[in-house]
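Asks: I am sharing my_file.txt, which consists of compact mmCIF, C-alpha atoms:
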# COMPACT_ATOMS: atom_id res chain seq x y z
CA MET A 194 16.01 -25.14 24.89
CA ASN A 195 15.03 -28.68 25.65
CA SER A 196 13.44 -31.29 23.55
CA THR A 197 11.23 -32.56 26.34
CA VAL A 198 9.38 -29.27 26.38
CA SER A 199 6.38 -29.37 24.14
CA GLY A 200 6.08 -27.07 21.19
CA GLU A 201 3.03 -25.56 22.74
CA VAL A 202 5.06 -24.38 25.73
CA GLN A 203 7.84 -23.09 23.56
CA ASP A 204 5.40 -21.20 21.36
CA TYR A 205 3.77 -19.66 24.39
CA VAL A 206 7.11 -18.57 25.84
CA LEU A 207 8.13 -17.13 22.49
CA GLU A 208 4.99 -15.07 22.32
CA VAL A 209 5.43 -13.82 25.86
CA ARG A 210 9.00 -12.90 25.03
CA ALA A 211 7.79 -11.03 22.00
CA ALA A 212 5.34 -9.11 24.15
CA LEU A 213 8.21 -8.18 26.47
CA ALA A 214 10.58 -7.35 23.64
CA ASP A 215 10.66 -3.65 24.45
CA LEU A 216 12.25 -4.37 27.85
CA PRO A 217 15.99 -4.71 28.43
CA VAL A 218 17.28 -8.10 27.46
CA GLU A 219 18.27 -8.99 31.03
CA ASP A 220 14.73 -8.39 32.20
CA VAL A 221 13.31 -10.59 29.52
CA GLU A 222 15.82 -13.29 30.41
CA GLU A 223 14.96 -12.97 34.08
CA PHE A 224 11.31 -13.43 33.31
CA THR A 225 11.63 -16.32 30.98
CA THR A 226 14.27 -18.35 32.77
CA GLY A 227 12.33 -21.12 34.44
CA MET A 228 9.20 -20.15 32.62
CA GLU A 229 9.28 -23.17 30.38
CA ALA A 230 9.54 -25.48 33.38
CA ASP A 231 6.67 -23.71 35.09
CA LEU A 232 4.48 -23.79 32.02
CA ALA A 233 5.32 -27.39 31.26
CA GLU A 234 4.32 -28.32 34.76
CA ARG A 235 1.16 -26.31 34.44
CA LEU A 236 0.29 -28.07 31.24
CA ALA A 237 1.05 -31.47 32.71
CA GLU A 238 -1.50 -30.95 35.45
CA PRO A 239 -4.72 -32.79 34.94
CA GLY A 240 -7.32 -30.48 33.59
CA GLU A 241 -8.78 -28.69 30.73
CA GLY A 242 -7.42 -27.46 27.48
CA THR A 243 -4.37 -25.77 26.15
CA LEU A 244 -2.02 -23.35 27.81
CA ARG A 245 -4.00 -20.55 26.29
CA ASP A 246 -7.16 -21.90 27.81
CA ARG A 247 -5.50 -22.13 31.19
CA LEU A 248 -3.38 -19.01 31.22
CA GLY A 249 -5.05 -16.81 28.68
CA ASP A 250 -3.55 -14.99 25.77
CA PRO A 251 0.28 -14.61 25.92
CA ASP A 252 -0.07 -10.87 25.49
CA ALA A 253 -2.41 -10.63 28.46
CA TYR A 254 -0.11 -12.93 30.39
CA ALA A 255 2.85 -10.69 29.64
CA ALA A 256 0.86 -7.62 30.62
CA GLU A 257 0.00 -9.20 33.96
CA LEU A 258 3.62 -10.13 34.44
CA ARG A 259 4.71 -6.56 33.83
CA SER A 260 2.11 -5.04 36.04
CA ALA A 261 2.91 -7.39 38.93
CA ALA A 262 6.63 -6.81 38.47
CA GLY A 263 6.11 -3.07 38.59
CA LEU A 264 7.35 -2.59 35.04
CA PRO A 265 5.77 -0.07 32.72
CA PRO A 266 3.12 -1.39 30.38
CA ARG A 267 4.11 -1.89 26.86
CA VAL A 268 4.64 1.40 25.11
CA ALA A 269 3.20 1.82 21.68
CA GLY A 270 6.25 3.70 20.46
CA VAL A 271 8.68 1.06 21.57
CA GLU A 272 6.60 -1.49 19.81
CA ALA A 273 8.09 -0.31 16.57
CA LYS A 274 11.29 -2.09 17.58
CA LYS A 275 9.74 -5.27 16.38
CA PRO A 276 10.03 -5.59 12.63
CA ALA A 277 7.10 -3.68 11.27
CA ALA A 278 6.55 -6.24 8.56
CA GLU A 279 6.27 -8.98 11.14
CA ARG A 280 3.67 -7.18 13.15
CA LEU A 281 1.80 -6.22 10.02
CA SER A 282 1.91 -9.81 8.90
CA ALA A 283 0.58 -11.05 12.22
CA TRP A 284 -2.14 -8.46 12.19
CA TRP A 285 -3.18 -9.33 8.67
CA THR A 286 -3.22 -13.01 9.46
CA GLY A 287 -5.52 -12.26 12.37
CA VAL A 288 -7.86 -10.07 10.39
CA SER A 289 -8.05 -12.29 7.33
CA GLY A 290 -8.43 -15.36 9.51
CA GLN A 291 -11.36 -13.76 11.25
CA VAL A 292 -12.98 -12.71 8.02
CA LEU A 293 -12.49 -16.14 6.49
CA SER A 294 -13.95 -17.90 9.50
CA GLU A 295 -17.05 -15.74 9.24
CA ALA A 296 -17.35 -16.14 5.50
CA PRO A 297 -15.58 -19.33 4.44
CA TRP A 298 -16.86 -19.01 0.89
CA LEU A 299 -14.45 -16.07 0.45
CA ARG A 300 -11.72 -18.69 0.36
CA ASP A 301 -12.95 -19.82 -3.02
CA LEU A 302 -12.77 -16.28 -4.33
CA ARG A 303 -9.10 -15.91 -3.46
CA PRO A 304 -7.77 -16.27 -7.01
CA LEU A 305 -10.20 -13.54 -7.98
CA TRP A 306 -8.68 -11.32 -5.33
CA TRP A 307 -5.20 -12.19 -6.57
CA ALA A 308 -6.15 -11.05 -10.03
CA LEU A 309 -7.79 -7.89 -8.75
CA ARG A 310 -4.80 -7.22 -6.51
CA GLY A 311 -2.40 -7.46 -9.44
CA PHE A 312 -4.61 -5.26 -11.54
CA ILE A 313 -4.80 -2.62 -8.82
CA LEU A 314 -1.07 -2.63 -8.15
CA ALA A 315 -0.45 -2.08 -11.84
CA VAL A 316 -1.98 1.35 -11.44
CA VAL A 317 1.32 2.62 -10.01
CA PRO A 318 3.52 1.99 -13.07
CA SER A 319 0.58 2.78 -15.28
CA GLN A 320 0.22 6.24 -13.80
CA MET A 321 3.97 6.78 -13.59
CA PHE A 322 4.74 5.91 -17.18
CA GLY A 323 1.42 6.81 -18.70
CA VAL A 324 0.87 3.29 -19.96
CA SER A 325 -2.64 1.96 -20.39
CA ILE A 326 -4.03 0.58 -17.13
CA VAL A 327 -5.70 -2.23 -19.05
CA SER A 328 -2.61 -3.85 -20.55
CA LEU A 329 -0.45 -3.34 -17.45
CA GLY A 330 -3.36 -4.37 -15.25
CA LEU A 331 -3.82 -7.65 -17.08
CA LEU A 332 -0.09 -8.29 -16.81
CA GLY A 333 -0.18 -7.48 -13.09
CA ALA A 334 -3.19 -9.73 -12.58
CA ALA A 335 -1.46 -12.62 -14.32
CA VAL A 336 1.70 -12.18 -12.27
CA SER A 337 -0.27 -11.86 -9.05
CA VAL A 338 -2.32 -14.98 -9.68
CA ALA A 339 0.83 -16.89 -10.57
CA LEU A 340 2.48 -15.77 -7.33
CA GLY A 341 -0.63 -16.68 -5.37
CA LEU A 342 -0.70 -20.18 -6.86
CA MET A 343 3.02 -20.63 -6.29
CA ALA A 344 2.68 -19.58 -2.66
CA ARG A 345 -0.26 -21.90 -2.22
CA HIS A 346 1.66 -24.86 -3.61
CA GLY A 347 4.68 -24.03 -1.56
CA THR A 348 6.89 -23.21 -4.55
CA LEU A 349 7.41 -19.80 -3.05
CA ALA A 350 8.93 -20.07 0.38
CA GLY A 351 10.94 -17.88 2.66
CA GLU A 352 10.49 -15.37 5.39
CA TRP A 353 9.84 -12.58 2.97
CA VAL A 354 6.78 -14.22 1.44
CA GLY A 355 4.46 -13.41 4.34
CA PRO A 356 5.33 -9.73 4.75
CA VAL A 357 5.48 -9.13 1.01
CA ARG A 358 2.08 -10.69 0.58
CA VAL A 359 0.61 -8.62 3.39
CA ILE A 360 2.13 -5.41 2.14
CA GLY A 361 0.95 -6.20 -1.37
CA ASN A 362 -2.57 -6.91 -0.17
CA LEU A 363 -2.75 -3.81 1.99
CA THR A 364 -1.30 -1.61 -0.72
CA ALA A 365 -3.82 -3.00 -3.13
CA LEU A 366 -6.62 -2.18 -0.68
CA VAL A 367 -5.31 1.37 -0.34
CA LEU A 368 -4.87 1.81 -4.07
CA LEU A 369 -8.24 0.31 -4.88
CA PRO A 370 -10.04 3.67 -5.26
CA ILE A 371 -7.17 5.15 -7.27
CA ALA A 372 -7.11 2.20 -9.62
CA PHE A 373 -10.86 2.40 -9.92
CA VAL A 374 -10.73 6.05 -10.90
CA ALA A 375 -7.86 5.41 -13.30
CA PHE A 376 -9.84 2.64 -14.89
CA LEU A 377 -12.91 4.83 -15.28
CA ASP A 378 -10.78 7.67 -16.63
CA ARG A 379 -9.27 5.37 -19.17
CA GLY A 380 -12.81 4.60 -20.27
CA SER A 381 -13.75 8.21 -20.71
CA TYR A 382 -10.55 9.13 -22.51
CA SER A 383 -10.95 6.46 -25.10
CA GLU A 384 -14.61 7.30 -25.45
CA GLU A 385 -13.70 10.92 -25.97
CA SER A 386 -11.22 10.22 -28.70
CA TYR A 387 -13.61 7.89 -30.45
CA ALA A 388 -16.51 10.22 -30.03
CA GLU A 389 -14.67 13.32 -31.14
CA PRO A 390 -15.32 13.03 -34.89
CA GLN A 391 -19.02 12.75 -34.19
CA TYR A 392 -19.11 16.14 -32.50
CA SER A 393 -20.97 18.16 -35.04
CA SER A 394 -20.59 21.13 -32.75
CA ALA A 395 -16.79 21.15 -32.71
CA PRO A 396 -15.81 23.74 -35.32
CA GLY A 397 -12.91 23.50 -37.68
CA ILE A 398 -10.96 20.50 -38.93
CA TRP A 399 -9.81 17.75 -36.64
CA ASN A 400 -7.15 15.16 -37.20
CA ASN A 401 -7.39 12.18 -34.82
CA GLY A 402 -8.73 14.33 -32.03
CA GLU A 403 -6.36 17.21 -32.54
CA PRO A 404 -7.37 20.50 -34.08
CA VAL A 405 -5.97 21.21 -37.51
CA MET A 406 -4.55 24.75 -37.71
CA ASN A 407 -3.25 24.61 -41.24
CA ILE A 408 -3.01 22.22 -44.17
CA TYR A 409 0.03 21.82 -46.37
CA ALA A 410 -0.58 20.14 -49.67
CA TYR A 411 2.05 18.43 -51.81
CA ASP A 412 1.52 17.04 -55.24
CA GLU A 413 2.43 13.57 -56.48
CA SER A 414 5.96 14.62 -57.30
CA GLY A 415 6.38 15.84 -53.73
CA HIS A 416 6.20 19.55 -54.34
CA ARG A 417 4.19 22.18 -52.62
CA LEU A 418 0.71 23.03 -53.76
CA ASP A 419 -0.25 26.56 -53.02
CA ARG A 420 -3.65 28.13 -52.56
CA VAL A 421 -5.49 24.86 -52.37
CA ARG A 422 -9.18 24.70 -51.57
CA LEU A 423 -10.64 21.49 -50.22
CA PHE A 424 -14.20 20.25 -50.13
CA ASP A 425 -15.97 17.46 -48.37
CA GLN A 426 -18.52 15.07 -49.80
CA GLN A 427 -21.27 17.63 -49.28
CA ASN A 428 -19.51 20.34 -51.19
CA LYS A 429 -18.70 22.11 -47.93
CA PRO A 430 -15.32 23.79 -48.00
CA LEU A 431 -12.93 22.58 -45.36
CA THR A 432 -12.42 25.45 -42.95
CA ILE A 433 -10.05 25.64 -40.02
CA ASP A 434 -11.28 27.03 -36.75
CA PRO A 435 -9.47 30.34 -36.29
CA SER A 436 -9.77 30.17 -32.50
CA MET A 437 -7.43 27.18 -32.51
CA LEU A 438 -4.93 29.18 -34.47
CA MET A 439 -5.42 32.17 -32.24
CA GLU A 440 -4.13 30.19 -29.26
CA GLY A 441 -1.07 29.08 -31.16
CA LEU A 442 0.06 32.50 -32.34
CA THR A 443 1.71 35.23 -30.33
CA GLY A 444 2.92 38.77 -30.70
CA GLU A 445 3.22 40.21 -34.16
CA GLU A 446 1.98 37.13 -35.90
CA HIS A 447 -1.11 37.20 -33.78
CA SER A 448 -1.82 40.84 -34.50
CA SER A 449 -1.37 40.35 -38.23
CA ALA A 450 -3.56 37.29 -38.31
CA PHE A 451 -6.33 38.71 -36.19
CA ASP A 452 -7.85 42.10 -36.35
CA PRO A 453 -6.83 43.80 -33.11
CA LYS A 454 -10.19 45.58 -32.91
CA THR A 455 -12.70 42.93 -33.84
CA GLY A 456 -10.54 39.93 -32.99
CA GLY A 457 -11.68 38.27 -36.18
CA PRO A 458 -9.30 36.53 -38.59
CA THR A 459 -7.80 38.62 -41.34
CA PHE A 460 -7.18 35.65 -43.60
CA ASP A 461 -9.16 33.36 -45.80
CA ARG A 462 -9.77 30.20 -43.83
CA THR A 463 -10.61 28.04 -46.81
CA VAL A 464 -7.43 28.48 -48.84
CA PHE A 465 -4.48 26.36 -47.83
CA PRO A 466 -1.96 26.83 -46.57
CA VAL A 467 -3.71 29.57 -44.69
CA ARG A 468 -1.59 32.72 -44.65
CA TRP A 469 -1.77 36.12 -43.09
CA GLY A 470 0.14 39.35 -43.19
CA SER A 471 3.13 39.07 -45.48
CA GLY A 472 3.54 35.35 -44.89
CA THR A 473 3.43 32.64 -47.52
CA GLY A 474 1.56 30.23 -45.34
CA TRP A 475 4.49 27.77 -45.38
CA GLU A 476 6.18 29.13 -42.29
CA GLY A 477 4.70 26.57 -39.93
CA ILE A 478 2.61 27.26 -36.87
CA PRO A 479 4.56 28.09 -33.70
CA THR A 480 2.83 25.52 -31.56
CA GLU A 481 3.54 22.27 -29.80
CA GLY A 482 5.13 19.75 -32.14
CA ARG A 483 5.82 22.48 -34.65
CA TRP A 484 6.59 21.34 -38.17
CA ASP A 485 8.20 23.52 -40.78
CA PRO A 486 6.88 22.22 -44.08
CA PRO A 487 9.80 21.53 -46.41
CA VAL A 488 9.95 22.75 -49.94
CA ALA A 489 9.50 19.23 -51.22
CA ILE A 490 8.71 15.84 -49.84
CA THR A 491 9.29 12.35 -51.16
CA PRO A 492 7.46 11.87 -54.45
CA LEU A 493 4.86 9.17 -54.71
CA PRO A 494 6.16 5.88 -56.04
CA GLY A 495 5.29 4.88 -59.53
CA PRO A 496 5.89 6.26 -62.98
CA VAL A 497 7.51 9.65 -63.15
CA PRO A 498 4.66 12.12 -63.43
CA SER A 499 6.35 14.30 -65.99
CA VAL A 500 5.91 11.70 -68.72
CA GLU A 501 2.16 11.52 -68.36
CA ALA A 502 1.64 15.03 -67.24
CA SER A 503 3.58 16.73 -69.96
CA PRO A 504 0.88 16.77 -72.63
CA THR A 505 -1.84 18.60 -70.73
CA PRO A 506 -0.68 21.10 -68.07
CA SER A 507 2.47 22.35 -69.57
CA ALA A 508 3.60 24.32 -66.58
CA THR A 509 3.82 21.43 -64.09
CA PRO A 510 6.79 19.39 -65.27
CA GLN A 511 9.04 22.32 -65.77
CA ALA A 512 8.13 23.95 -62.54
CA THR A 513 8.78 20.78 -60.55
CA GLN A 514 12.21 20.47 -61.94
CA THR A 515 13.27 24.00 -61.24
CA SER A 516 11.59 24.84 -57.96
CA PRO A 517 13.75 22.79 -55.55
CA GLY A 518 16.83 24.62 -56.72
CA THR A 519 15.40 28.10 -56.76
CA GLY A 520 13.60 27.78 -53.48
CA ALA A 521 10.89 29.98 -54.88
CA THR A 522 8.12 28.71 -52.71
CA ALA A 523 5.21 30.90 -53.50
CA THR A 524 5.93 31.74 -57.08
CA PRO A 525 5.60 28.46 -58.90
CA THR A 526 1.90 28.13 -58.37
CA PRO A 527 1.48 25.50 -61.00
CA THR A 528 -1.02 22.67 -61.06
CA PRO A 529 -4.54 22.74 -62.33
CA SER A 530 -5.81 25.69 -64.19
CA THR A 531 -8.46 26.54 -61.61
CA THR A 532 -5.98 27.40 -58.88
CA ALA A 533 -3.67 29.09 -61.25
CA SER A 534 -6.35 31.55 -62.25
CA ARG A 535 -6.82 32.73 -58.72
CA MET B 235 -16.30 -7.80 46.20
CA ASP B 236 -13.88 -9.29 43.73
CA ALA B 237 -11.32 -11.36 45.59
CA THR B 238 -8.71 -10.87 42.86
CA GLN B 239 -8.64 -7.15 43.65
CA LEU B 240 -8.02 -7.91 47.31
CA VAL B 241 -5.34 -10.41 46.47
CA LYS B 242 -3.46 -7.86 44.44
CA GLY B 243 -3.10 -5.64 47.46
CA VAL B 244 -1.55 -8.34 49.61
CA LEU B 245 0.19 -10.49 47.05
CA ASP B 246 3.63 -9.28 48.15
CA LEU B 247 2.90 -10.34 51.65
CA ALA B 248 1.39 -13.64 50.58
CA VAL B 249 4.36 -14.51 48.37
CA LEU B 250 6.85 -13.53 51.05
CA ALA B 251 4.98 -15.71 53.50
CA VAL B 252 5.02 -18.71 51.19
CA VAL B 253 8.68 -18.38 50.26
CA ALA B 254 9.65 -17.75 53.88
CA ARG B 255 8.52 -21.24 54.77
CA GLU B 256 10.47 -22.91 52.00
CA ASP B 257 12.27 -21.93 48.82
CA GLY B 258 10.18 -22.43 45.75
CA TYR B 259 10.08 -22.00 41.97
CA GLY B 260 7.44 -19.98 40.21
CA TYR B 261 4.68 -22.47 39.69
CA ASP B 262 5.40 -24.10 43.03
CA VAL B 263 4.69 -20.78 44.72
CA VAL B 264 1.50 -20.40 42.72
CA ARG B 265 0.35 -23.83 43.73
CA ARG B 266 1.08 -23.26 47.38
CA LEU B 267 -0.80 -19.95 47.35
CA ARG B 268 -3.79 -21.66 45.79
CA ALA B 269 -3.59 -24.52 48.21
CA ALA B 270 -3.64 -21.95 50.98
CA GLY B 271 -6.91 -20.62 49.64
CA LEU B 272 -5.93 -17.83 47.29
CA GLU B 273 -7.51 -19.60 44.37
CA ASP B 274 -7.95 -16.56 42.19
CA VAL B 275 -4.30 -15.66 42.10
CA GLY B 276 -2.98 -15.35 38.59
CA ASP B 277 0.14 -17.23 37.50
CA ALA B 278 1.71 -14.23 35.85
CA SER B 279 0.90 -12.04 38.83
CA VAL B 280 2.85 -14.37 41.09
CA TYR B 281 5.80 -14.58 38.72
CA GLY B 282 5.83 -10.82 38.36
CA THR B 283 5.68 -10.36 42.09
CA LEU B 284 8.54 -12.80 42.65
CA ARG B 285 10.55 -10.87 40.11
CA ARG B 286 9.77 -7.54 41.73
CA LEU B 287 10.57 -8.75 45.25
CA TYR B 288 13.83 -10.14 43.93
CA SER B 289 14.69 -6.82 42.26
CA ALA B 290 13.85 -5.00 45.48
CA GLY B 291 16.34 -7.23 47.31
CA ALA B 292 13.80 -9.10 49.39
CA LEU B 293 14.41 -12.47 47.74
CA THR B 294 17.34 -14.47 46.51
CA SER B 295 17.19 -16.50 43.36
CA TYR B 296 19.04 -19.48 41.96
CA VAL B 297 18.68 -21.72 39.01
CA VAL B 298 18.53 -25.45 39.39
CA PRO B 299 19.65 -27.26 36.24
CA SER B 300 17.71 -30.26 35.19
CA ASP B 301 18.78 -33.14 33.01
CA GLU B 302 15.30 -34.08 32.03
CA GLY B 303 13.66 -30.76 31.37
CA PRO B 304 14.15 -27.04 31.40
CA HIS B 305 15.91 -25.37 34.30
CA ARG B 306 13.94 -24.31 37.32
CA LYS B 307 14.38 -20.97 38.93
CA TYR B 308 14.03 -21.01 42.68
CA TYR B 309 13.39 -18.11 44.96
CA GLY B 310 14.32 -17.92 48.63
CA ILE B 311 13.86 -15.28 51.27
CA ASN B 312 16.72 -13.26 52.77
CA ALA B 313 17.05 -11.01 55.80
CA GLN B 314 15.56 -8.03 54.07
CA GLY B 315 12.65 -10.13 52.93
CA ARG B 316 12.04 -11.41 56.44
CA ALA B 317 12.07 -7.84 57.76
CA ALA B 318 9.58 -6.80 55.06
CA LEU B 319 7.43 -9.82 55.85
CA ALA B 320 7.42 -8.92 59.53
CA SER B 321 6.53 -5.26 59.09
CA GLN B 322 3.98 -5.81 56.32
CA GLY B 323 2.55 -8.68 58.27
CA LYS B 324 1.98 -6.38 61.19
CA THR B 325 0.34 -3.77 59.01
CA TRP B 326 -1.91 -6.42 57.52
CA ALA B 327 -2.82 -7.89 60.87
CA ALA B 328 -3.74 -4.44 62.17
CA PHE B 329 -5.74 -3.70 59.06
CA ALA B 330 -7.49 -7.04 59.14
CA GLY B 331 -8.28 -6.48 62.83
CA THR B 332 -9.77 -3.08 62.06
CA MET B 333 -11.89 -4.53 59.28
CA ALA B 334 -13.02 -7.41 61.46
CA GLY B 335 -14.05 -4.94 64.16
CA LEU B 336 -15.96 -2.82 61.66
CA LEU B 337 -17.78 -5.79 60.26
CA ASP B 338 -18.46 -7.16 63.72
CA GLU B 339 -20.14 -3.89 64.68
CA ALA B 340 -22.23 -4.10 61.51
CA GLY B 341 -23.33 -7.56 62.53
CA VAL B 342 -21.40 -9.38 59.81
CA LYS B 343 -19.76 -12.60 60.84
CA ALA B 344 -16.67 -13.56 58.93
Any chance you could put this one into structure tokens?
Replies:
Amino acid sequence: MNSTVSGEVQDYVLEVRAALADLPVEDVEEFTTGMEADLAERLAEPGEGTLRDRLGDPDAYAAELRSAAGLPPRVAGVEAKKPAAERLSAWWTGVSGQVLSEAPWLRDLRPLWWALRGFILAVVPSQMFGVSIVSLGLLGAAVSVALGLMARHGTLAGEWVGPVRVIGNLTALVLLPIAFVAFLDRGSYSEESYAEPQYSSAPGIWNNGEPVMNIYAYDESGHRLDRVRLFDQQNKPLTIDPSMLMEGLTGEEHSSAFDPKTGGPTFDRTVFPVRWGSGTGWEGIPTEGRWDPPVAITPLPGPVPSVEASPTPSATPQATQTSPGTGATATPTPTPSTTASR
Amino acid sequence: MDATQLVKGVLDLAVLAVVAREDGYGYDVVRRLRAAGLEDVGDASVYGTLRRLYSAGALTSYVVPSDEGPHRKYYGINAQGRAALASQGKTWAAFAGTMAGLLDEAGVKA
């Protein structure tokens, strides 16, 4: 309004206006016209302190004004008219200011909070997209610290900075427990997957934490090997856990693979691919991520096996050349003599 | 007894009385009330009362522009305000008389 009015007076009037903001504009104007002059005069009087010292808090002042004028006290619902972010921002400034004045050393820990804040906020995308909380969290922490430093050095400026910062901080506070749990969970998951192979109690064969329901063997030329038996370093035959298979099979397949009375498997669990009923074992398991084993896969690189192999096991080279065309999957049971005899 | 509570009850009357003598702006009215002895009167209470009396039609109001500083808003009394002052004044005088009598009987000197 006028340059001769001190900023203190103007600030005070602004705050009183804000506290009256839910009233009709004309009322607010009525109240505040002449108010600057009155306050300036009040301040110019000899005496103690600031306007606040003399008149009290602008909010209390406005409340007294209302009450004396016979206007309703400020309604909480109408308060929402003021931009929520602004009020939130003011509230946060008050709270954090109070905390910092009680514990000034917290000021030094601010960058730590920035990092933590970024880490916590990263829990949202991490949970949404199933990305690791650690990598996203570190990214979030870095971004948050950078923003904090930029804001501190004044590189970041604008009206949005305050509200965004407050909302970010509050959201981080709210999400803190969730992020904490997510972080702990992440720990246990990774532990689980690392610890899995050590479980001597888990039956059957496991492949990177997932149960193996069947094994399909291919020889060096990329062709199927039937009726394979596998052993570990202790001469123990590799055996699949039938219960895993039981969950994957349904209907007829299930009843042919498991004895309906005893519930036990009807097949030999040590000969791969495991087969039951009239199946060849190469049908694939109807389960998540089902794979239908092809007749042949890419041969291993290197010299063509037939040259070397031809002298000893006579059946192999011929069989490999004919089988892709015939599609006879179970019949050409070539390879070493041991399996062939079975 | 808290004087501020008492003042609240008669602030309308006090403000009317002050403005009836001479037009005044907000803080001027405050100062005159204090000078008259109502030291505990609150600034905002006076401004609010002026505003309410004006809304009720008991006061007139006009703005005096100023070249040096912000505008001043003056209040003056009108016929309705004088009538209110007269009737409320009577009520107050009667009330004050009653209280004085009561206290006198109790042996309290004002």
Asks: For Gly258 of chain B, which residue among A:Asp231, A:Phe376, A:Phe451, A:Ile371 is the nearest when counting only C-alpha atoms?
Replies: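 Looking at the shortest contact to Gly258 of chain B, the residue is A:Asp231.
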Asks: Using Å and a single decimal, report how far atom CA of Trp399 of chain A sits from atom CA of Arg422 of chain A.
Replies: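 For atom CA of Arg422 of chain A relative to atom CA of Trp399 of chain A, the distance reads 16.5 Å.
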Asks: Contacts from chain A to chain B, 10 Å maximum, all atoms listed in the file: show me the residue list as a PDB file with C-alpha atoms, in the coordinates of the input.
Replies:
ATOM      1  CA  MET A 194      16.010 -25.140  24.890  1.00  0.00           C
ATOM      2  CA  ASN A 195      15.030 -28.680  25.650  1.00  0.00           C
ATOM      3  CA  SER A 196      13.440 -31.290  23.550  1.00  0.00           C
ATOM      4  CA  THR A 197      11.230 -32.560  26.340  1.00  0.00           C
ATOM      5  CA  VAL A 198       9.380 -29.270  26.380  1.00  0.00           C
ATOM      6  CA  ASP A 220      14.730  -8.390  32.200  1.00  0.00           C
ATOM      7  CA  GLU A 223      14.960 -12.970  34.080  1.00  0.00           C
ATOM      8  CA  PHE A 224      11.310 -13.430  33.310  1.00  0.00           C
ATOM      9  CA  THR A 225      11.630 -16.320  30.980  1.00  0.00           C
ATOM     10  CA  THR A 226      14.270 -18.350  32.770  1.00  0.00           C
ATOM     11  CA  GLY A 227      12.330 -21.120  34.440  1.00  0.00           C
ATOM     12  CA  MET A 228       9.200 -20.150  32.620  1.00  0.00           C
ATOM     13  CA  GLU A 229       9.280 -23.170  30.380  1.00  0.00           C
ATOM     14  CA  ALA A 230       9.540 -25.480  33.380  1.00  0.00           C
ATOM     15  CA  ASP A 231       6.670 -23.710  35.090  1.00  0.00           C
ATOM     16  CA  LEU A 232       4.480 -23.790  32.020  1.00  0.00           C
ATOM     17  CA  ALA A 233       5.320 -27.390  31.260  1.00  0.00           C
ATOM     18  CA  GLU A 234       4.320 -28.320  34.760  1.00  0.00           C
ATOM     19  CA  ARG A 235       1.160 -26.310  34.440  1.00  0.00           C
ATOM     20  CA  ARG A 247      -5.500 -22.130  31.190  1.00  0.00           C
ATOM     21  CA  LEU A 248      -3.380 -19.010  31.220  1.00  0.00           C
ATOM     22  CA  ALA A 253      -2.410 -10.630  28.460  1.00  0.00           C
ATOM     23  CA  TYR A 254      -0.110 -12.930  30.390  1.00  0.00           C
ATOM     24  CA  ALA A 255       2.850 -10.690  29.640  1.00  0.00           C
ATOM     25  CA  ALA A 256       0.860  -7.620  30.620  1.00  0.00           C
ATOM     26  CA  GLU A 257       0.000  -9.200  33.960  1.00  0.00           C
ATOM     27  CA  LEU A 258       3.620 -10.130  34.440  1.00  0.00           C
ATOM     28  CA  ARG A 259       4.710  -6.560  33.830  1.00  0.00           C
ATOM     29  CA  SER A 260       2.110  -5.040  36.040  1.00  0.00           C
ATOM     30  CA  ALA A 261       2.910  -7.390  38.930  1.00  0.00           C
ATOM     31  CA  ALA A 262       6.630  -6.810  38.470  1.00  0.00           C
ATOM     32  CA  GLY A 263       6.110  -3.070  38.590  1.00  0.00           C
ATOM     33  CA  LEU A 264       7.350  -2.590  35.040  1.00  0.00           C
TER      34      LEU A 264
END
Asks: Please list as number ranges by chain every residue within 10 Å of segment 317-320 of chain B, counting all atoms listed in the file and excluding residues in the same chain fewer than 2 positions away.
Replies: B: 246-251, 254, 292, 311-315, 322-326
Asks: So which residues touch Arg210 of chain A within 10 Å, counting all atoms listed in the file, skipping near sequence neighbours fewer than 3 positions away, as a PyMOL selection string?
Replies: chain A and resi 204-207+213-216+218+221-222+224-225+251-252+255
Asks: Between atom CA of Thr463 of chain A and atom CA of Pro494 of chain A, what is the distance in Å, rounded to a tenth?
Replies: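 Taking atom CA of Thr463 of chain A as the start and atom CA of Pro494 of chain A as the end point, the length is 29.3 Å.
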Asks: Using Å and a single decimal, report how far atom CA of Asp378 of chain A sits from atom CA of Ile360 of chain A.
Replies: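 Spanning atom CA of Ile360 of chain A to atom CA of Asp378 of chain A is a straight-line distance of 26.3 Å.
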Asks: A:Leu442, A:Met343, A:Ala372, A:Val488: which is nearest Ser325 of chain A, counting only C-alpha atoms?
Replies: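 Under the stated criterion, the closest residue is A:Ala372.
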